[in-house]
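So the structure is just underneath, and the comments pick up after that.
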Amino acid sequence: GSGYLTAAMAVMVGSSGKVVGIDHIPELVEISKRNIEKHHADLLSSGRIELITGDGRMGKPIEGGYNVIHVGASAPILPMELIRQLADGGRMVIPVGTTSQEFVQVDREGDQFRKKSLHGVIYVPLTSREEQLGTN
């Protein structure tokens with residue numbers, strides 16, 4: 001994407017936090033980097049933001065998991081790979097569905113996961129790079 005939400009989250013987590021942004025289109029990762037460098041280059045140079053090209057449906061596993069996962073495209077079903085990457089006490093928000101979508105909150109407490117539907121939404125689908133570019 002544009003990098004806006006990644007930068008906003010990096011400001012929110014403060015100097016001791018870290019935000020990982022993932023997009024499967026390398027050009028969009030570069031656009032995000034350029035946009036963030038224009039206004040908040042320190043967030044990149046300090047390592048508070050890491051932008052990577054990858055499959056957002058798979059996330060990026062880290063030791064200890066993530067406190068927050070925000071998904072900016074709709075998954076047809078809740079992606080267990082991302083849910084597993086939540087830290088204990090972590091929360092994920094994600095649009096889920098195809099034609100009818102809902103914004104879903106998933107909270108992790110130990111080995112338990114609670115799902116809560118927040119409201120209806122309309123997002124673009126979370127797809128593979130090939131599907132998004134129409135090359136499949």
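A note on labels: chains of the structure tokens are A, B, ... as shown, every chain counts residues from 1, and ligands are counted from 1 in their shown order.
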Running DSSP on the backbone, which parts of chain A land in strand (DSSP E or B), as a CSV table (one decimal) with N, CA and C atoms, in the first residue's frame?
chain,number,residue,atom,x,y,z
A,19,VAL,N,7.1,-2.4,13.7
A,19,VAL,CA,6.0,-2.6,12.8
A,19,VAL,C,6.6,-3.3,11.5
A,20,VAL,N,5.9,-4.4,11.1
A,20,VAL,CA,6.3,-5.1,9.9
A,20,VAL,C,5.2,-4.9,8.9
A,21,GLY,N,5.5,-4.3,7.7
A,21,GLY,CA,4.6,-4.1,6.7
A,21,GLY,C,4.9,-5.1,5.6
A,22,ILE,N,3.9,-5.8,5.1
A,22,ILE,CA,4.1,-6.9,4.0
A,22,ILE,C,3.2,-6.6,2.8
A,23,ASP,N,3.7,-6.6,1.6
A,23,ASP,CA,3.0,-6.5,0.4
A,23,ASP,C,3.6,-7.5,-0.6
A,49,ILE,N,10.3,0.4,11.5
A,49,ILE,CA,9.5,-0.1,10.5
A,49,ILE,C,10.4,-1.1,9.6
A,50,GLU,N,9.8,-2.2,9.3
A,50,GLU,CA,10.4,-3.2,8.3
A,50,GLU,C,9.4,-3.4,7.3
A,51,LEU,N,9.7,-3.1,6.0
A,51,LEU,CA,8.8,-3.3,4.9
A,51,LEU,C,9.4,-4.5,4.1
A,52,ILE,N,8.6,-5.5,3.8
A,52,ILE,CA,9.0,-6.6,3.1
A,52,ILE,C,8.1,-7.0,1.9
A,53,THR,N,8.6,-7.6,0.9
A,53,THR,CA,7.8,-8.2,-0.1
A,53,THR,C,7.5,-9.6,0.2
A,66,TYR,N,3.1,-11.5,17.5
A,66,TYR,CA,2.7,-10.1,17.4
A,66,TYR,C,1.7,-9.7,18.4
A,67,ASN,N,1.8,-8.5,18.9
A,67,ASN,CA,0.7,-7.9,19.8
A,67,ASN,C,-0.5,-7.5,19.0
A,68,VAL,N,-0.2,-7.0,17.7
A,68,VAL,CA,-1.3,-6.6,16.9
A,68,VAL,C,-1.0,-7.0,15.5
A,69,ILE,N,-2.1,-7.5,14.8
A,69,ILE,CA,-2.0,-7.8,13.3
A,69,ILE,C,-3.2,-7.1,12.7
A,70,HIS,N,-2.9,-6.2,11.7
A,70,HIS,CA,-3.9,-5.6,10.9
A,70,HIS,C,-3.8,-6.1,9.5
A,74,SER,N,-9.5,-8.3,2.3
A,74,SER,CA,-10.4,-9.3,2.8
A,74,SER,C,-10.0,-10.8,2.5
A,75,ALA,N,-9.9,-11.6,3.5
A,75,ALA,CA,-9.7,-13.0,3.4
A,75,ALA,C,-11.0,-13.8,3.3
A,86,LEU,N,-0.2,-14.5,16.5
A,86,LEU,CA,-0.5,-13.6,17.6
A,86,LEU,C,0.2,-14.0,18.9
A,87,ALA,N,0.7,-13.0,19.6
A,87,ALA,CA,1.3,-13.2,20.9
A,87,ALA,C,0.2,-13.5,21.9
A,88,ASP,N,0.5,-14.0,23.0
A,88,ASP,CA,-0.5,-14.2,24.1
A,88,ASP,C,-1.0,-12.8,24.4
A,89,GLY,N,-2.3,-12.5,24.4
A,89,GLY,CA,-2.8,-11.2,24.7
A,89,GLY,C,-2.9,-10.3,23.4
A,90,GLY,N,-2.5,-10.9,22.3
A,90,GLY,CA,-2.5,-10.2,21.0
A,90,GLY,C,-3.9,-10.1,20.4
A,91,ARG,N,-4.0,-9.2,19.4
A,91,ARG,CA,-5.3,-9.0,18.7
A,91,ARG,C,-5.0,-8.8,17.2
A,92,MET,N,-5.9,-9.4,16.4
A,92,MET,CA,-5.9,-9.2,15.0
A,92,MET,C,-7.2,-8.6,14.6
A,93,VAL,N,-7.2,-7.7,13.6
A,93,VAL,CA,-8.4,-7.2,13.0
A,93,VAL,C,-8.2,-7.5,11.5
A,94,ILE,N,-9.3,-8.0,10.9
A,94,ILE,CA,-9.2,-8.5,9.5
A,94,ILE,C,-10.6,-8.5,8.9
A,95,PRO,N,-10.7,-8.0,7.7
A,95,PRO,CA,-12.0,-8.2,7.0
A,95,PRO,C,-12.1,-9.6,6.4
A,96,VAL,N,-13.2,-10.2,6.6
A,96,VAL,CA,-13.4,-11.6,6.2
A,96,VAL,C,-14.7,-11.8,5.4
A,97,GLY,N,-14.6,-12.5,4.3
A,97,GLY,CA,-15.7,-12.8,3.5
A,97,GLY,C,-15.4,-12.5,2.0
A,101,GLN,N,-18.9,-9.1,3.6
A,101,GLN,CA,-17.7,-9.1,4.4
A,101,GLN,C,-18.0,-8.5,5.8
A,102,GLU,N,-17.3,-9.0,6.8
A,102,GLU,CA,-17.4,-8.5,8.1
A,102,GLU,C,-16.0,-8.2,8.6
A,103,PHE,N,-15.9,-7.1,9.4
A,103,PHE,CA,-14.6,-6.8,10.1
A,103,PHE,C,-14.5,-7.6,11.4
A,104,VAL,N,-13.5,-8.4,11.5
A,104,VAL,CA,-13.5,-9.4,12.6
A,104,VAL,C,-12.3,-9.1,13.5
A,105,GLN,N,-12.5,-9.2,14.8
A,105,GLN,CA,-11.5,-9.1,15.8
A,105,GLN,C,-11.2,-10.4,16.4
A,106,VAL,N,-9.9,-10.8,16.4
A,106,VAL,CA,-9.5,-12.1,17.0
A,106,VAL,C,-8.6,-11.8,18.1
A,107,ASP,N,-8.9,-12.3,19.3
A,107,ASP,CA,-8.0,-12.1,20.5
A,107,ASP,C,-7.5,-13.4,20.9
A,108,ARG,N,-6.2,-13.4,21.3
A,108,ARG,CA,-5.5,-14.6,21.8
A,108,ARG,C,-5.3,-14.5,23.3
A,109,GLU,N,-5.7,-15.6,24.0
A,109,GLU,CA,-5.5,-15.7,25.4
A,109,GLU,C,-4.9,-17.1,25.7
A,112,GLN,N,-6.2,-20.1,23.6
A,112,GLN,CA,-7.6,-19.9,23.2
A,112,GLN,C,-7.6,-18.6,22.3
A,113,PHE,N,-8.5,-18.7,21.3
A,113,PHE,CA,-8.8,-17.6,20.4
A,113,PHE,C,-10.2,-17.2,20.5
A,114,ARG,N,-10.5,-15.9,20.6
A,114,ARG,CA,-11.9,-15.4,20.6
A,114,ARG,C,-12.1,-14.6,19.4
A,115,LYS,N,-13.2,-14.9,18.7
A,115,LYS,CA,-13.6,-14.2,17.5
A,115,LYS,C,-14.8,-13.3,17.7
A,116,LYS,N,-14.7,-12.0,17.3
A,116,LYS,CA,-15.9,-11.1,17.5
A,116,LYS,C,-16.1,-10.4,16.2
A,117,SER,N,-17.3,-10.4,15.6
A,117,SER,CA,-17.6,-9.6,14.5
A,117,SER,C,-17.9,-8.2,14.9
A,118,LEU,N,-17.3,-7.2,14.2
A,118,LEU,CA,-17.4,-5.8,14.6
A,118,LEU,C,-18.5,-5.1,13.8
A,119,HIS,N,-18.4,-5.2,12.4
A,119,HIS,CA,-19.4,-4.6,11.6
A,119,HIS,C,-19.1,-5.0,10.1
A,120,GLY,N,-20.0,-4.7,9.2
A,120,GLY,CA,-19.9,-5.0,7.8
A,120,GLY,C,-18.9,-4.1,7.2
A,121,VAL,N,-18.1,-4.6,6.2
A,121,VAL,CA,-17.2,-3.8,5.4
A,121,VAL,C,-17.1,-4.2,4.0
A,125,PRO,N,-10.0,-8.1,-2.1
A,125,PRO,CA,-9.6,-9.4,-1.6
A,125,PRO,C,-8.1,-9.6,-1.4
Residue with smallest distance to A:Lys18 - pool A:Thr99, A:Thr127, A:Ser2, A:Ser46, counting only C-alpha atoms: A:Ser46
I need the residues in chain A that are alpha helix (DSSP H) according to DSSP; give them as an MDAnalysis selection string. chainID A and resid 4:13 26:45 80:83 129:133
Take the residues that were just selected and, keeping N, CA and C atoms, output them as an mmCIF file, in the first residue's frame.
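Result file selection.cif:
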data_model
loop_
_atom_site.group_PDB
_atom_site.id
_atom_site.type_symbol
_atom_site.label_atom_id
_atom_site.label_comp_id
_atom_site.auth_asym_id
_atom_site.auth_seq_id
_atom_site.Cartn_x
_atom_site.Cartn_y
_atom_site.Cartn_z
ATOM 1 N N TYR A 4 1.035 4.532 4.705
ATOM 2 C CA TYR A 4 0.427 5.427 5.686
ATOM 3 C C TYR A 4 0.119 4.712 6.998
ATOM 4 N N LEU A 5 -0.605 3.604 6.924
ATOM 5 C CA LEU A 5 -0.989 2.903 8.153
ATOM 6 C C LEU A 5 0.232 2.317 8.860
ATOM 7 N N THR A 6 1.202 1.847 8.107
ATOM 8 C CA THR A 6 2.431 1.321 8.703
ATOM 9 C C THR A 6 3.136 2.413 9.502
ATOM 10 N N ALA A 7 3.244 3.598 8.919
ATOM 11 C CA ALA A 7 3.881 4.714 9.626
ATOM 12 C C ALA A 7 3.067 5.122 10.849
ATOM 13 N N ALA A 8 1.746 5.178 10.709
ATOM 14 C CA ALA A 8 0.897 5.549 11.845
ATOM 15 C C ALA A 8 1.057 4.555 12.990
ATOM 16 N N MET A 9 1.093 3.274 12.656
ATOM 17 C CA MET A 9 1.259 2.258 13.703
ATOM 18 C C MET A 9 2.639 2.355 14.347
ATOM 19 N N ALA A 10 3.656 2.668 13.555
ATOM 20 C CA ALA A 10 5.010 2.801 14.110
ATOM 21 C C ALA A 10 5.085 3.959 15.099
ATOM 22 N N VAL A 11 4.384 5.038 14.810
ATOM 23 C CA VAL A 11 4.338 6.159 15.752
ATOM 24 C C VAL A 11 3.611 5.721 17.025
ATOM 25 N N MET A 12 2.521 4.963 16.868
ATOM 26 C CA MET A 12 1.744 4.514 18.030
ATOM 27 C C MET A 12 2.518 3.564 18.938
ATOM 28 N N VAL A 13 3.333 2.674 18.371
ATOM 29 C CA VAL A 13 4.044 1.700 19.219
ATOM 30 C C VAL A 13 5.213 2.326 19.961
ATOM 31 N N PRO A 26 6.276 -5.870 -5.249
ATOM 32 C CA PRO A 26 7.500 -5.133 -4.905
ATOM 33 C C PRO A 26 7.396 -3.627 -5.152
ATOM 34 N N GLU A 27 6.691 -3.252 -6.207
ATOM 35 C CA GLU A 27 6.556 -1.827 -6.514
ATOM 36 C C GLU A 27 5.790 -1.094 -5.408
ATOM 37 N N LEU A 28 4.802 -1.761 -4.808
ATOM 38 C CA LEU A 28 4.054 -1.138 -3.709
ATOM 39 C C LEU A 28 4.907 -1.023 -2.453
ATOM 40 N N VAL A 29 5.779 -1.994 -2.228
ATOM 41 C CA VAL A 29 6.714 -1.902 -1.099
ATOM 42 C C VAL A 29 7.628 -0.694 -1.299
ATOM 43 N N GLU A 30 8.103 -0.501 -2.519
ATOM 44 C CA GLU A 30 8.976 0.645 -2.813
ATOM 45 C C GLU A 30 8.237 1.970 -2.656
ATOM 46 N N ILE A 31 6.977 2.021 -3.090
ATOM 47 C CA ILE A 31 6.178 3.237 -2.906
ATOM 48 C C ILE A 31 6.027 3.538 -1.423
ATOM 49 N N SER A 32 5.744 2.512 -0.631
ATOM 50 C CA SER A 32 5.630 2.697 0.822
ATOM 51 C C SER A 32 6.923 3.256 1.397
ATOM 52 N N LYS A 33 8.053 2.664 1.000
ATOM 53 C CA LYS A 33 9.350 3.138 1.501
ATOM 54 C C LYS A 33 9.571 4.602 1.150
ATOM 55 N N ARG A 34 9.303 4.960 -0.104
ATOM 56 C CA ARG A 34 9.507 6.356 -0.526
ATOM 57 C C ARG A 34 8.600 7.306 0.256
ATOM 58 N N ASN A 35 7.337 6.921 0.426
ATOM 59 C CA ASN A 35 6.407 7.781 1.162
ATOM 60 C C ASN A 35 6.841 7.969 2.610
ATOM 61 N N ILE A 36 7.265 6.902 3.255
ATOM 62 C CA ILE A 36 7.689 6.998 4.654
ATOM 63 C C ILE A 36 8.986 7.796 4.757
ATOM 64 N N GLU A 37 9.909 7.580 3.823
ATOM 65 C CA GLU A 37 11.177 8.327 3.838
ATOM 66 C C GLU A 37 10.957 9.834 3.714
ATOM 67 N N LYS A 38 9.918 10.249 2.985
ATOM 68 C CA LYS A 38 9.639 11.678 2.805
ATOM 69 C C LYS A 38 9.344 12.373 4.131
ATOM 70 N N HIS A 39 8.599 11.707 4.991
ATOM 71 C CA HIS A 39 8.091 12.376 6.187
ATOM 72 C C HIS A 39 8.590 11.789 7.505
ATOM 73 N N HIS A 40 8.988 10.529 7.481
ATOM 74 C CA HIS A 40 9.398 9.855 8.726
ATOM 75 C C HIS A 40 10.554 8.899 8.464
ATOM 76 N N ALA A 41 11.605 9.388 7.829
ATOM 77 C CA ALA A 41 12.753 8.539 7.490
ATOM 78 C C ALA A 41 13.333 7.858 8.719
ATOM 79 N N ASP A 42 13.229 8.510 9.870
ATOM 80 C CA ASP A 42 13.761 7.932 11.106
ATOM 81 C C ASP A 42 13.088 6.615 11.465
ATOM 82 N N LEU A 43 11.828 6.437 11.073
ATOM 83 C CA LEU A 43 11.129 5.184 11.379
ATOM 84 C C LEU A 43 11.746 4.011 10.624
ATOM 85 N N LEU A 44 12.249 4.275 9.422
ATOM 86 C CA LEU A 44 12.927 3.231 8.649
ATOM 87 C C LEU A 44 14.365 3.045 9.119
ATOM 88 N N SER A 45 15.090 4.149 9.273
ATOM 89 C CA SER A 45 16.512 4.040 9.627
ATOM 90 C C SER A 45 16.717 3.450 11.018
ATOM 91 N N MET A 80 -5.623 -19.090 9.474
ATOM 92 C CA MET A 80 -5.027 -19.661 10.684
ATOM 93 C C MET A 80 -3.538 -19.350 10.785
ATOM 94 N N GLU A 81 -2.852 -19.241 9.662
ATOM 95 C CA GLU A 81 -1.418 -18.931 9.700
ATOM 96 C C GLU A 81 -1.174 -17.596 10.395
ATOM 97 N N LEU A 82 -2.034 -16.616 10.154
ATOM 98 C CA LEU A 82 -1.892 -15.317 10.818
ATOM 99 C C LEU A 82 -2.332 -15.389 12.279
ATOM 100 N N ILE A 83 -3.409 -16.099 12.541
ATOM 101 C CA ILE A 83 -3.901 -16.229 13.920
ATOM 102 C C ILE A 83 -2.825 -16.844 14.802
ATOM 103 N N ARG A 129 -0.093 -12.754 -5.554
ATOM 104 C CA ARG A 129 0.447 -11.742 -6.469
ATOM 105 C C ARG A 129 -0.072 -11.987 -7.884
ATOM 106 N N GLU A 130 -0.097 -13.253 -8.288
ATOM 107 C CA GLU A 130 -0.534 -13.612 -9.640
ATOM 108 C C GLU A 130 -1.999 -13.239 -9.858
ATOM 109 N N GLU A 131 -2.846 -13.515 -8.858
ATOM 110 C CA GLU A 131 -4.263 -13.162 -8.988
ATOM 111 C C GLU A 131 -4.447 -11.651 -9.074
ATOM 112 N N GLN A 132 -3.719 -10.916 -8.256
ATOM 113 C CA GLN A 132 -3.860 -9.461 -8.262
ATOM 114 C C GLN A 132 -3.419 -8.877 -9.593
ATOM 115 N N LEU A 133 -2.349 -9.417 -10.160
ATOM 116 C CA LEU A 133 -1.837 -8.906 -11.431
ATOM 117 C C LEU A 133 -2.505 -9.546 -12.641
#
Could you tell me how far atom CA of A:Gly59 sits from atom CA of A:Gly17, in Å to one decimal place? 17.7 Å
Have a look at atom CA of A:Arg84 and atom CA of A:Arg57 and let me know their distance in Å, one decimal. 11.9 Å
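The space between atom CA of A:Leu126 and atom CA of A:Gly3 spans 17.1 Å.
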